[in-house]
Amino acid sequence: MNGFTGFVLRRTVAAVATLLAISVIVYVVFYATPGNVAQITCGPRCSPEQVHQVARQLNLDDPLFVRYGHFLQGLVAGQDYSTGTSVQHCTAPCLGMSYQSDQQVTQLILAKLPVSLSLVGGAMVIWLVLGVGTGVLSAWRRGRFSERVLTGITLAGTATPVFVIGLVLMIVVCGELQLLPFPQYVALGDDPEQWAWNLLLPWLSLALIEAAAFARLTRASMLETLAEDHIRTFRAYGVGERSIVGRHALRGAFAPVIALNANNVGSAIGGAVLTETLFGLPGIGQELVHAVNVVDLPVVVGMVLVIGFFVVLANAVADVLYAVADRRVVLT
Amino acid sequence: MSLVDVTGLRVEFGALRAVDGLSFRLEEGAALALVGESGSGKSTVASALLGLHRGTGARVEGSVEVAGTDVQRASDEELRRLRGGRAAMVFQDPLSSLDPYYAIGDQIAEVYRVHARASRRAARARAVEVLDRVGIPDAARRSRSRPHEFSGGMRQRALIAMALACEPRLLIADEPTTALDVTVQAQVLDLLHTLREETGMGLLLVTHDVGVAAESVDEVLVMRHGRAVEHGPVADVLGAPAEPYTRELLAAVPRLDAPRKASTDPAEVVMEATGLRREFGRGKRAVTAVDDVSLTLRRGETLGIVGESGSGKTTLGRMLVGLLEPTAGSLGFDGRPHTGVNPAVQMVFQDPVSSLNPRRSVGESIADPLRARGERQEGRIRERVEELLERVGLEAGHYDRYPHEFSGGQRQRVGIARALAADPRVIVCDEPVSALDVTTQAHVVALLGELQRELGLALVFVAHDLAVVRQVSDRVAVMRRGRIVEEGPVEEVYESPRDPYTRQLLAAVPALDPEAAARRRARRRELAAA
């Protein structure tokens, strides 16, 4: 097995193993921790009998590994769940049923995922353009006044919390200037134009924070490349500074930028809670925090797995891009 | 008008005066070598010719005229036209001197388009043409390769091709063969020679290697501390040097025809290796670095191991010390089989900079083997380390100094002291002098010889430099592709080599005498044709 097919296969196997490991850890961490899940789920006013019934209904009396087995079975083959009055079939890949709402976790996630993907996808484009652009500029103008200004702005960007940037943006753009209505999520499928306008501010506030890291990384790796011998070669051959910076030095920044981007995309899908909350976006992050608060364990486990899936995916994509950007890299 | 006219050149980096009032001329089509040890300012001069110090904070004074351009006064635009257009430079390390991300042909084409009004396609065709010119086989296809897909010699050819692209009148070559194996070096020098004959371009060669200069140029300028020590036709300067420093420099250069110490009489065998083999990697990707190597080492003798890069000599050295486990074969010490690390077998490494921990004082580094042996008394450790420091020609007071406070030669002495700390009976020296200047090299080699006589050490001297190995060794083994192709007493191997590869290696060593160099060049052509 070699070449690209081999790489994809090996990577898939590794990803499945990683996700299984994550699921075991999450399962143990959440289900084996002390605290009466049935009591919490049922509510404070439930009688001991009712709590007992809930526990039976949720299979909480079974040993942990049996429940984990059920979970895996549902994931692969689907499963039937009784809601007390009726039986619901949950088709594979079934991540279980929510304790709180009698909803299937898979459906719940599928409803939230487009929001998170919209947010992160758009923000990614902005943070890459903004971050890499600023980085290139400050590497090119290194040591000059304009570079110091840029460095100052990016530093301020890293240091400002997202809710400050987001709030200021909202107050100024939507409140004072009334350029945009206060954001409200519109699905891409319903109205692409409204989708973009409403997400513009969330994109900006998420991207401004991330862009700073990219700017600093791009600048650092470009300066490192600019000090290398092959740059000296092109200078000694009369190649212009614009081409040296834009063609040769920028290329050296690709690999680290790709790696950082993979991490950021992966973690932002589940981790952009602040942005989601601030702009009222019903995304994964918000739902996850809610689920943790009400100890809705199937939802928590399902969401952590989905987030894990995106982190693994983003990194695999990064590896492929890596090999495309740098031919010395061999995919294994 | 001369091709190069330098008058009163002075280059200062802060308080350091790298070049101090240097003047010389180079006529059209002529070849001049700037020869000197590290820190003599020779590379700084080469950079000054293309105005590469501009914008770096270096202070440049004096006048530099290259191919009709006043480098000091030229505008940035004029300078850009000179660089690569009329004067092109070839650098030392061909791997780091090319952009790893772009195809070699594209890089050459890019440079060509800076100077010639040419379409992308025409520039690409020009790139293939010059690659073909420097002897890259199947140039059209290989022009799409990236630098890491080329061997060291091919990379240097590619850099030379880049230099040729715009048909410059002057080629500046800064240590063009220092990173290359001796046979490849010979090929590159021969290529430069042929190109000069054909194109009539001038050559300014910067080198620390007097032999390389003798092979390639008409005139030599010996530099020291940023000044010219001696300047004249190559045969005169190298044949009958007038200045004491030049004489000292030449005396230190190891040569194949120098008288050497008498070989020691055979003593008892200390170490024995039988059928050593080492593989790296597994399955289909496995590479055999050392294959079926057997050798014996006797007390008080020096066994030289020569070979080019990738021949497996370093791997062999590491197995002898126990740093690497052999895949097959066995080691014997004092007639008993031995595996793993043996305190009686120590190693001196090639790079005295990276083989010492920069954050610890040299005394602490030398004390390591003592502590490893279980010595706990600080007073005795210090006493022994100070004794060792003095033994290798340093001072006892150097105990608390850090590696960066020492010169390359001194650091290598520290490395030797560390090896001696464990009271070894065998020392494996892996390229111990290849990072050092010739005069320093001579001192370190002398020190090793002295220690060997006094302590009855057996030395394994691993090196790529055939002349150094001949100078220090009693017996020599020639390695190629993991195997020993020839082994025997030094006189025998060097005077009447049996293996064709040994012959090829010996023919590639640069001679100090320009006439002999010309004869060797002819001999190499014969060998290549055969």
# chains A, B, ... in the order shown; residues from 1 in each chain; ligands from 1

$ interface_residues --of "chain B" --to "chain A" --cutoff "7 Å" --atoms "only C-alpha atoms" --output "JSON, numbers by chain"
{"B": [50, 52, 80, 81, 83, 84, 88, 89, 96, 97, 98, 99, 101, 111, 114]}

$ write_last_selection --atoms "N, CA and C atoms" --output "PDB file, in the first residue's frame"
ATOM      1  N   LEU B  50      29.531  42.203  -5.199  1.00  0.00           N
ATOM      2  CA  LEU B  50      28.166  42.322  -5.706  1.00  0.00           C
ATOM      3  C   LEU B  50      27.347  43.310  -4.878  1.00  0.00           C
ATOM      4  N   LEU B  52      26.597  43.118  -1.806  1.00  0.00           N
ATOM      5  CA  LEU B  52      25.636  42.400  -0.953  1.00  0.00           C
ATOM      6  C   LEU B  52      25.631  42.924   0.480  1.00  0.00           C
ATOM      7  N   ARG B  80      21.222  45.723  -9.253  1.00  0.00           N
ATOM      8  CA  ARG B  80      20.414  44.554  -9.579  1.00  0.00           C
ATOM      9  C   ARG B  80      20.762  44.007 -10.964  1.00  0.00           C
ATOM     10  N   ARG B  81      21.062  44.938 -11.868  1.00  0.00           N
ATOM     11  CA  ARG B  81      21.419  44.490 -13.223  1.00  0.00           C
ATOM     12  C   ARG B  81      22.782  43.810 -13.237  1.00  0.00           C
ATOM     13  N   ARG B  83      24.153  42.133 -10.632  1.00  0.00           N
ATOM     14  CA  ARG B  83      24.037  40.851  -9.950  1.00  0.00           C
ATOM     15  C   ARG B  83      23.374  39.805 -10.837  1.00  0.00           C
ATOM     16  N   GLY B  84      24.096  38.785 -11.130  1.00  0.00           N
ATOM     17  CA  GLY B  84      23.520  37.721 -11.936  1.00  0.00           C
ATOM     18  C   GLY B  84      23.599  38.002 -13.425  1.00  0.00           C
ATOM     19  N   ALA B  88      28.051  36.760 -11.619  1.00  0.00           N
ATOM     20  CA  ALA B  88      27.174  35.812 -10.938  1.00  0.00           C
ATOM     21  C   ALA B  88      27.971  35.069  -9.875  1.00  0.00           C
ATOM     22  N   MET B  89      27.250  34.649  -8.835  1.00  0.00           N
ATOM     23  CA  MET B  89      27.929  34.062  -7.693  1.00  0.00           C
ATOM     24  C   MET B  89      27.447  32.633  -7.454  1.00  0.00           C
ATOM     25  N   SER B  96      21.255  24.465   0.691  1.00  0.00           N
ATOM     26  CA  SER B  96      20.566  25.598   1.301  1.00  0.00           C
ATOM     27  C   SER B  96      20.553  26.813   0.389  1.00  0.00           C
ATOM     28  N   SER B  97      21.345  26.790  -0.670  1.00  0.00           N
ATOM     29  CA  SER B  97      21.392  27.955  -1.547  1.00  0.00           C
ATOM     30  C   SER B  97      20.316  27.936  -2.620  1.00  0.00           C
ATOM     31  N   LEU B  98      19.521  26.882  -2.661  1.00  0.00           N
ATOM     32  CA  LEU B  98      18.417  26.835  -3.618  1.00  0.00           C
ATOM     33  C   LEU B  98      17.110  26.779  -2.838  1.00  0.00           C
ATOM     34  N   ASP B  99      16.070  27.368  -3.403  1.00  0.00           N
ATOM     35  CA  ASP B  99      14.779  27.375  -2.725  1.00  0.00           C
ATOM     36  C   ASP B  99      14.181  25.966  -2.737  1.00  0.00           C
ATOM     37  N   TYR B 101      11.300  24.888  -2.279  1.00  0.00           N
ATOM     38  CA  TYR B 101       9.908  24.720  -2.688  1.00  0.00           C
ATOM     39  C   TYR B 101       9.696  24.751  -4.200  1.00  0.00           C
ATOM     40  N   VAL B 111      15.577  33.700 -12.467  1.00  0.00           N
ATOM     41  CA  VAL B 111      16.763  34.557 -12.498  1.00  0.00           C
ATOM     42  C   VAL B 111      17.006  35.071 -13.916  1.00  0.00           C
ATOM     43  N   VAL B 114      14.842  37.957 -14.861  1.00  0.00           N
ATOM     44  CA  VAL B 114      15.171  39.231 -14.219  1.00  0.00           C
ATOM     45  C   VAL B 114      16.073  40.049 -15.135  1.00  0.00           C
TER      46      VAL B 114
END

$ residues_around --residues "A:Ser138" --least-positions-apart "4" --cutoff "7 Å" --atoms "only C-alpha atoms" --output "ChimeraX atom specification"
/A:134,142,147,150,219

$ write_last_selection --atoms "N, CA, C and O atoms" --output "PDB file, in the first residue's frame"
ATOM      1  N   THR A 134      -1.466  40.615   6.919  1.00  0.00           N
ATOM      2  CA  THR A 134      -0.758  41.465   7.878  1.00  0.00           C
ATOM      3  C   THR A 134       0.646  40.937   8.131  1.00  0.00           C
ATOM      4  O   THR A 134       1.603  41.708   8.216  1.00  0.00           O
ATOM      5  N   ARG A 142       9.705  45.151   7.709  1.00  0.00           N
ATOM      6  CA  ARG A 142      10.291  44.906   9.031  1.00  0.00           C
ATOM      7  C   ARG A 142      11.177  46.074   9.476  1.00  0.00           C
ATOM      8  O   ARG A 142      11.944  46.625   8.702  1.00  0.00           O
ATOM      9  N   GLU A 147       5.489  48.790  10.218  1.00  0.00           N
ATOM     10  CA  GLU A 147       5.479  47.441  10.794  1.00  0.00           C
ATOM     11  C   GLU A 147       5.120  47.497  12.272  1.00  0.00           C
ATOM     12  O   GLU A 147       4.379  46.665  12.777  1.00  0.00           O
ATOM     13  N   LEU A 150       1.440  47.897  12.658  1.00  0.00           N
ATOM     14  CA  LEU A 150       0.759  46.625  12.394  1.00  0.00           C
ATOM     15  C   LEU A 150       0.924  45.660  13.572  1.00  0.00           C
ATOM     16  O   LEU A 150      -0.038  45.017  13.999  1.00  0.00           O
ATOM     17  N   ARG A 219       4.638  36.327  10.035  1.00  0.00           N
ATOM     18  CA  ARG A 219       5.767  37.233  10.094  1.00  0.00           C
ATOM     19  C   ARG A 219       7.016  36.482  10.558  1.00  0.00           C
ATOM     20  O   ARG A 219       8.067  36.583   9.934  1.00  0.00           O
TER      21      ARG A 219
END

$ closest_residue --among "B:Pro369, B:Pro168, B:Pro514, B:Gly307" --to "B:Ala213" --atoms "only C-alpha atoms"
B:Pro514

$ residues_around --residues "stretch 396-413 of chain B" --least-positions-apart "6" --cutoff "6 Å" --atoms "only C-alpha atoms" --output "short mmCIF file (atom, residue, chain, number, x, y, z; two decimals) with N, CA and C atoms, in the first residue's frame"
data_model
loop_
_atom_site.label_atom_id
_atom_site.label_comp_id
_atom_site.auth_asym_id
_atom_site.auth_seq_id
_atom_site.Cartn_x
_atom_site.Cartn_y
_atom_site.Cartn_z
N PRO B 352 32.85 20.23 16.78
CA PRO B 352 33.14 20.54 18.18
C PRO B 352 32.13 21.54 18.76
N PRO B 358 26.12 23.73 25.09
CA PRO B 358 26.48 25.15 25.20
C PRO B 358 26.13 25.75 26.56
N SER B 361 29.62 24.43 31.45
CA SER B 361 31.03 24.78 31.31
C SER B 361 31.77 23.57 30.74
N VAL B 362 32.89 23.84 30.07
CA VAL B 362 33.62 22.74 29.45
C VAL B 362 34.13 21.77 30.51
N GLY B 363 34.47 22.30 31.68
CA GLY B 363 34.93 21.43 32.76
C GLY B 363 33.87 20.41 33.13
N GLU B 386 41.27 19.33 35.40
CA GLU B 386 42.28 20.35 35.15
C GLU B 386 43.54 19.74 34.54
N LEU B 389 42.73 19.09 30.94
CA LEU B 389 42.74 20.33 30.16
C LEU B 389 44.18 20.70 29.79
N GLU B 390 45.07 20.58 30.77
CA GLU B 390 46.47 20.93 30.49
C GLU B 390 47.09 19.92 29.52
N THR B 440 45.08 24.87 12.27
CA THR B 440 44.51 24.30 13.49
C THR B 440 44.46 22.79 13.37
#

$ closest_residue --among "B:Arg126, B:Arg298, B:Arg498, B:His464" --to "B:Val269" --atoms "only C-alpha atoms"
B:Arg298
